[in-house]
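Okay, upload-v3.txt now, which holds compact mmCIF, C-alpha atoms:
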# COMPACT_ATOMS: atom_id res chain seq x y z
CA MET A 1 -50.04 4.01 -1.13
CA ALA A 2 -51.42 7.49 -0.94
CA GLN A 3 -49.06 10.43 -0.83
CA PRO A 4 -48.57 11.64 2.78
CA HIS A 5 -50.61 14.62 3.88
CA VAL A 6 -48.55 17.78 3.38
CA ARG A 7 -49.09 20.61 5.86
CA ARG A 8 -49.05 24.14 4.52
CA GLY A 9 -45.47 25.34 4.13
CA VAL A 10 -43.94 21.84 4.23
CA LYS A 11 -42.08 20.59 1.16
CA VAL A 12 -43.04 17.26 -0.35
CA SER A 13 -39.61 15.84 0.50
CA GLU A 14 -40.03 16.82 4.15
CA ALA A 15 -43.50 15.27 4.28
CA ILE A 16 -42.11 12.02 2.86
CA ALA A 17 -39.24 12.06 5.39
CA GLN A 18 -41.71 12.59 8.22
CA ASP A 19 -43.86 9.72 6.96
CA ILE A 20 -40.89 7.36 6.74
CA VAL A 21 -39.90 8.21 10.33
CA ARG A 22 -43.48 7.67 11.47
CA LYS A 23 -43.52 4.22 9.87
CA ILE A 24 -40.17 3.27 11.38
CA GLY A 25 -41.57 4.06 14.82
CA ALA A 26 -45.06 2.64 14.27
CA GLU A 27 -43.74 -0.63 12.87
CA GLY A 28 -40.94 -0.90 15.38
CA LEU A 29 -38.29 -1.33 12.69
CA ARG A 30 -34.95 -2.25 14.22
CA PRO A 31 -31.57 -0.83 13.15
CA GLY A 32 -30.34 -2.65 10.06
CA THR A 33 -33.82 -3.24 8.67
CA PRO A 34 -33.97 -2.47 4.93
CA LEU A 35 -36.61 0.01 3.83
CA PRO A 36 -38.45 -0.40 0.51
CA SER A 37 -36.37 0.20 -2.59
CA GLU A 38 -36.19 3.61 -4.22
CA ALA A 39 -38.34 2.39 -7.10
CA GLN A 40 -40.94 1.03 -4.69
CA MET A 41 -41.13 4.22 -2.68
CA ILE A 42 -41.39 6.35 -5.81
CA GLU A 43 -44.38 4.26 -6.78
CA ASP A 44 -45.85 4.21 -3.27
CA TYR A 45 -45.62 7.96 -2.76
CA GLY A 46 -46.31 8.96 -6.33
CA VAL A 47 -43.42 11.41 -6.47
CA GLY A 48 -40.37 12.00 -8.63
CA ARG A 49 -36.94 10.59 -7.94
CA GLY A 50 -35.62 14.01 -6.92
CA SER A 51 -38.18 14.51 -4.13
CA LEU A 52 -37.64 11.01 -2.77
CA ARG A 53 -33.87 11.30 -2.79
CA GLU A 54 -34.09 14.64 -1.02
CA ALA A 55 -36.28 13.02 1.64
CA LEU A 56 -33.80 10.18 2.11
CA ARG A 57 -30.93 12.64 2.26
CA ILE A 58 -32.70 14.53 5.07
CA LEU A 59 -32.97 11.32 7.08
CA GLU A 60 -29.41 10.29 6.30
CA VAL A 61 -27.98 13.64 7.40
CA HIS A 62 -29.88 13.35 10.68
CA GLY A 63 -28.54 9.85 11.24
CA LEU A 64 -31.90 8.07 11.05
CA ILE A 65 -31.07 5.96 8.01
CA SER A 66 -27.99 4.92 6.07
CA ILE A 67 -27.76 4.28 2.36
CA LYS A 68 -26.17 0.99 1.36
CA PRO A 69 -24.44 1.33 -2.02
CA GLY A 70 -24.58 -1.20 -4.83
CA PRO A 71 -27.24 -2.97 -6.91
CA ARG A 72 -28.76 -4.59 -3.82
CA GLY A 73 -28.32 -1.55 -1.66
CA GLY A 74 -30.77 1.08 -0.57
CA PRO A 75 -32.01 2.83 2.57
CA ILE A 76 -31.51 1.02 5.88
CA VAL A 77 -32.81 1.96 9.32
CA ALA A 78 -29.94 3.33 11.42
CA GLU A 79 -29.52 3.21 15.16
CA VAL A 80 -30.65 6.35 16.94
CA SER A 81 -27.49 7.27 18.82
CA ALA A 82 -26.54 10.06 21.18
CA ALA A 83 -23.39 10.64 19.11
CA ALA A 84 -25.37 11.26 15.91
CA PHE A 85 -27.84 13.48 17.77
CA GLY A 86 -24.96 15.42 19.28
CA GLN A 87 -23.32 15.90 15.91
CA MET A 88 -26.54 17.35 14.53
CA ALA A 89 -27.01 19.55 17.61
CA THR A 90 -23.56 21.13 17.28
CA LEU A 91 -24.78 22.88 14.13
CA TYR A 92 -27.39 24.73 16.19
CA PHE A 93 -25.01 25.28 19.10
CA GLN A 94 -22.46 26.97 16.85
CA ALA A 95 -25.07 29.04 15.00
CA SER A 96 -26.39 30.27 18.37
CA ARG A 97 -22.86 30.77 19.69
CA MET A 98 -23.41 28.51 22.69
CA THR A 99 -20.29 27.91 24.74
CA PHE A 100 -18.79 24.94 26.54
CA ARG A 101 -19.61 26.74 29.79
CA GLU A 102 -23.29 26.48 28.88
CA LEU A 103 -22.84 22.87 27.89
CA MET A 104 -21.21 22.09 31.22
CA GLU A 105 -23.95 23.92 33.11
CA ALA A 106 -26.56 21.85 31.28
CA ARG A 107 -24.78 18.63 32.28
CA LEU A 108 -24.61 19.83 35.89
CA VAL A 109 -28.40 20.14 35.82
CA MET A 110 -29.20 16.89 34.01
CA GLU A 111 -26.82 14.38 35.58
CA PRO A 112 -28.04 14.81 39.19
CA VAL A 113 -31.67 14.69 38.06
CA MET A 114 -31.04 11.43 36.21
CA ALA A 115 -29.36 9.95 39.28
CA ARG A 116 -32.46 10.86 41.30
CA LEU A 117 -34.78 9.27 38.75
CA ALA A 118 -32.58 6.16 38.61
CA ALA A 119 -32.97 5.80 42.39
CA GLU A 120 -36.72 6.42 42.29
CA ARG A 121 -37.21 3.90 39.48
CA ARG A 122 -34.46 1.55 40.61
CA ASP A 123 -33.99 -1.70 38.81
CA ALA A 124 -32.23 -4.23 41.03
CA ASP A 125 -30.31 -5.98 38.24
CA MET A 126 -29.18 -2.75 36.61
CA ALA A 127 -28.21 -1.30 40.00
CA LYS A 128 -25.95 -4.29 40.64
CA LYS A 129 -24.42 -3.86 37.21
CA LEU A 130 -23.83 -0.18 37.96
CA GLY A 131 -22.10 -1.06 41.22
CA GLY A 132 -19.96 -3.60 39.39
CA ILE A 133 -18.84 -1.01 36.86
CA ALA A 134 -17.85 1.34 39.67
CA GLU A 135 -15.94 -1.32 41.60
CA ASP A 136 -14.15 -2.74 38.54
CA THR A 137 -13.00 0.60 37.10
CA PRO A 138 -9.24 0.29 36.45
CA LEU A 139 -7.08 3.11 37.77
CA ASP A 140 -3.81 2.64 35.90
CA ASP A 141 -5.15 1.96 32.41
CA ASP A 142 -6.12 5.28 30.81
CA GLY A 143 -8.35 3.72 28.16
CA GLY A 144 -10.01 1.35 30.59
CA TYR A 145 -10.61 4.11 33.13
CA LEU A 146 -12.19 6.32 30.49
CA ASN A 147 -14.41 3.52 29.15
CA TYR A 148 -15.63 2.39 32.56
CA SER A 149 -16.30 5.97 33.70
CA GLY A 150 -18.27 6.65 30.53
CA ASP A 151 -20.20 3.39 30.92
CA PHE A 152 -21.11 4.35 34.48
CA HIS A 153 -22.67 7.67 33.48
CA ARG A 154 -24.40 6.18 30.44
CA LEU A 155 -25.97 3.46 32.56
CA VAL A 156 -27.22 5.99 35.12
CA ALA A 157 -28.81 7.91 32.26
CA SER A 158 -30.45 4.75 30.95
CA MET A 159 -31.68 3.84 34.44
CA SER A 160 -33.41 7.21 34.72
CA GLY A 161 -36.16 5.77 32.54
CA ASN A 162 -36.42 9.04 30.65
CA GLY A 163 -35.41 8.59 27.02
CA MET A 164 -35.30 12.34 26.42
CA LEU A 165 -32.82 12.98 29.21
CA ASP A 166 -30.85 9.89 28.22
CA LEU A 167 -30.47 11.11 24.64
CA PHE A 168 -29.70 14.73 25.50
CA SER A 169 -27.21 13.94 28.25
CA GLY A 170 -25.49 11.35 26.07
CA ALA A 171 -25.20 13.85 23.24
CA LEU A 172 -23.76 16.57 25.48
CA GLY A 173 -21.35 14.12 27.05
CA HIS A 174 -20.18 12.95 23.63
CA ILE A 175 -19.64 16.52 22.40
CA PHE A 176 -17.77 17.49 25.55
CA HIS A 177 -15.49 14.47 25.78
CA GLU A 178 -14.64 14.61 22.10
CA ARG A 179 -13.45 18.19 22.59
CA VAL A 180 -11.47 17.46 25.76
CA SER A 181 -10.23 14.05 24.63
CA GLY A 182 -7.54 12.84 26.99
CA LEU A 183 -8.50 15.28 29.75
CA PHE A 184 -9.54 13.11 32.66
CA PHE A 185 -8.55 12.90 36.28
CA PRO A 186 -4.89 12.01 36.90
CA LYS A 187 -4.17 8.58 38.34
CA ALA A 188 -3.67 10.01 41.82
CA ARG A 189 -7.32 11.16 41.92
CA ARG A 190 -9.01 8.24 40.18
CA ALA A 191 -9.52 6.23 43.35
CA LYS A 192 -11.63 9.10 44.68
CA VAL A 193 -13.69 9.12 41.48
CA ARG A 194 -14.19 5.36 41.70
CA GLN A 195 -15.34 5.76 45.29
CA ALA A 196 -17.75 8.53 44.28
CA HIS A 197 -19.22 6.27 41.60
CA ALA A 198 -19.55 3.42 44.10
CA GLU A 199 -21.40 5.65 46.57
CA ILE A 200 -23.75 6.92 43.86
CA ALA A 201 -24.43 3.31 42.82
CA LYS A 202 -25.21 2.32 46.42
CA ALA A 203 -27.60 5.25 46.83
CA ILE A 204 -29.39 4.30 43.61
CA GLU A 205 -29.60 0.64 44.64
CA ALA A 206 -31.00 1.68 48.02
CA GLY A 207 -33.57 3.93 46.38
CA ASP A 208 -32.21 6.98 48.21
CA ALA A 209 -33.06 9.60 45.58
CA ASP A 210 -31.94 12.61 47.64
CA ARG A 211 -28.51 11.12 48.31
CA ALA A 212 -28.06 9.91 44.73
CA GLU A 213 -28.84 13.38 43.39
CA SER A 214 -26.60 15.12 45.92
CA LEU A 215 -23.65 12.80 45.32
CA MET A 216 -23.93 13.10 41.54
CA ARG A 217 -24.08 16.90 41.75
CA GLU A 218 -20.99 16.96 43.95
CA HIS A 219 -19.19 14.57 41.60
CA MET A 220 -20.04 16.54 38.46
CA GLN A 221 -19.18 19.86 40.10
CA GLU A 222 -15.77 18.52 41.07
CA TYR A 223 -15.09 17.48 37.48
CA ALA A 224 -16.32 20.84 36.15
CA THR A 225 -13.97 22.65 38.53
CA TYR A 226 -11.08 20.44 37.40
CA VAL A 227 -11.73 21.14 33.71
CA LYS A 228 -12.04 24.88 34.31
CA ARG A 229 -8.71 24.88 36.11
CA ARG A 230 -6.93 22.80 33.47
CA GLN A 231 -8.46 24.50 30.42
CA PRO A 232 -9.85 27.91 31.49
CA ALA A 233 -10.16 29.19 27.91
CA LEU A 234 -12.43 26.28 27.00
CA MET A 235 -15.35 27.65 28.98
CA ASN A 236 -15.78 30.65 26.65
CA GLU A 237 -15.16 28.66 23.49
CA VAL A 238 -18.15 28.30 21.14
CA VAL A 239 -19.19 24.71 20.53
CA GLY A 240 -18.19 24.00 16.94
CA TRP A 241 -20.23 22.13 14.37
CA ARG A 242 -18.70 18.71 13.73

Output the structure of this file as structure tokens.
Amino acid sequence: MAQPHVRRGVKVSEAIAQDIVRKIGAEGLRPGTPLPSEAQMIEDYGVGRGSLREALRILEVHGLISIKPGPRGGPIVAEVSAAAFGQMATLYFQASRMTFRELMEARLVMEPVMARLAAERRDADMAKKLGGIAEDTPLDDDGGYLNYSGDFHRLVASMSGNGMLDLFSGALGHIFHERVSGLFFPKARRAKVRQAHAEIAKAIEAGDADRAESLMREHMQEYATYVKRRQPALMNEVVGWR
């Protein structure tokens, strides 16, 4: 195998990392798929062990592969997750001194747009599933309420049909909820949240994009107001690298 083309200013290790990612995508390699051994890739790329290991480390840090230890171990394709993407993004957020206010504002923009897209590109089966999640959300079980509410928003994002928005919104949601862990609507207000989710689900199932977007914006704004009231100092806090 010929060494990957290296653009001016790009290190050999970076070029190898880019080539590995390209192959993962081009060959449709699923999470858990073993990549060639270190010895094989050294031979394939015609590089030293140091350059290859640096390339693999780049991919591992970014959550695109994992390294299985042991004699039969080696690089394995990892699942591209919003959590891993969010963890990487926090490095840039902290370096740029971006705050949780900005993060919340970004979510207030993205979530309604995704609800609109979900309605425009509605999938009947997924819409029914979304409605079921809304209707079945438990009100007295904190863990269950949190899981169902998260599942509802994640499914709306998936139904948008836009992988970019899905990944970004999932990452921001993960960063935010990890920081405010345990801060969700009190039991007295959860029935209203469940009703809001049910109405959003109905609008999406009906293909009413305007209503879906409006309801999601209202729902997200209400939550943002609640968080600001409960934790006012959070809004000016810089998002920390995790």

Identify which of the residues A:Leu172, A:Ala134, A:Leu29, A:Ala95 lies closest to Ala191 in chain A, counting only C-alpha atoms when measuring atom-to-atom distances. A:Ala134

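For the residues A:Leu167, A:Ala55, A:Ala119, A:Ala198, ranking by smallest atom-to-atom distance to Pro75 in chain A using all atoms listed in the file places A:Ala55 first.
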
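For the atom pair formed by CA of Gln87 in chain A and CA of His174 in chain A, the distance is 8.8 Å, given to one decimal.
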
With distances taken over all atoms listed in the file, the candidate from A:Met164, A:Met235, A:Leu117, A:Ser158 nearest Met216 in chain A is A:Leu117

Proximity to Asp140 in chain A - best of A:Arg107, A:Lys187, A:Lys192, A:Arg22, all atoms listed in the file: A:Lys187

Please provide as a PyMOL selection string all residues within 12 Å of Glu205 in chain A, with the sequence filter that same-chain residues fewer than 4 positions apart are discarded (counting only C-alpha atoms). chain A and resi 115-132+156+159+198-201+209+211-212

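Minimum atom-to-atom distances from A:Met114, A:Ala206, A:Tyr148, A:Glu213 to Gly161 in chain A were compared using only C-alpha atoms, and the lowest value belongs to A:Met114.
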
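When only C-alpha atoms are used to compute distances to Glu105 in chain A, the closest of the residues A:Val239, A:Met41, A:Ala233, A:Met220 turns out to be A:Met220.
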
Is it possible to get the axis-aligned box enclosing range 219-237 of chain A (all listed atoms, 5 Å extra per side) as lines of an AutoDock Vina configuration file, with centre and edge lengths in Å rounded to one decimal?
center_x = -13.5
center_y = 22.6
center_z = 32.5
size_x = 23.1
size_y = 26.1
size_z = 28.1

Report the distance between CA of Gly73 in chain A and CA of Pro34 in chain A in Å, rounded to one decimal place. 8.7 Å

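A straight line drawn from CA of Ser81 in chain A to CA of His219 in chain A is 25.3 Å long.
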
What's the 9 Å shell around Ser169 in chain A, counting only C-alpha atoms, without same-chain residues fewer than 6 positions away, as a compact mmCIF listing (two decimals) with C-alpha atoms, in the frame of the given file?
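This is the output file result.txt:
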# COMPACT_ATOMS: atom_id res chain seq x y z
CA ALA A 82 -26.54 10.06 21.18
CA ALA A 106 -26.56 21.85 31.28
CA ARG A 107 -24.78 18.63 32.28
CA MET A 110 -29.20 16.89 34.01
CA GLU A 111 -26.82 14.38 35.58
CA ARG A 154 -24.40 6.18 30.44
CA ALA A 157 -28.81 7.91 32.26

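The protein and nucleic acid residues lying at most 8 Å from Asp151 in chain A are Ile133, Asn147 and Leu155 of chain A, with all atoms listed in the file considered and sequence neighbours fewer than 4 positions away removed.
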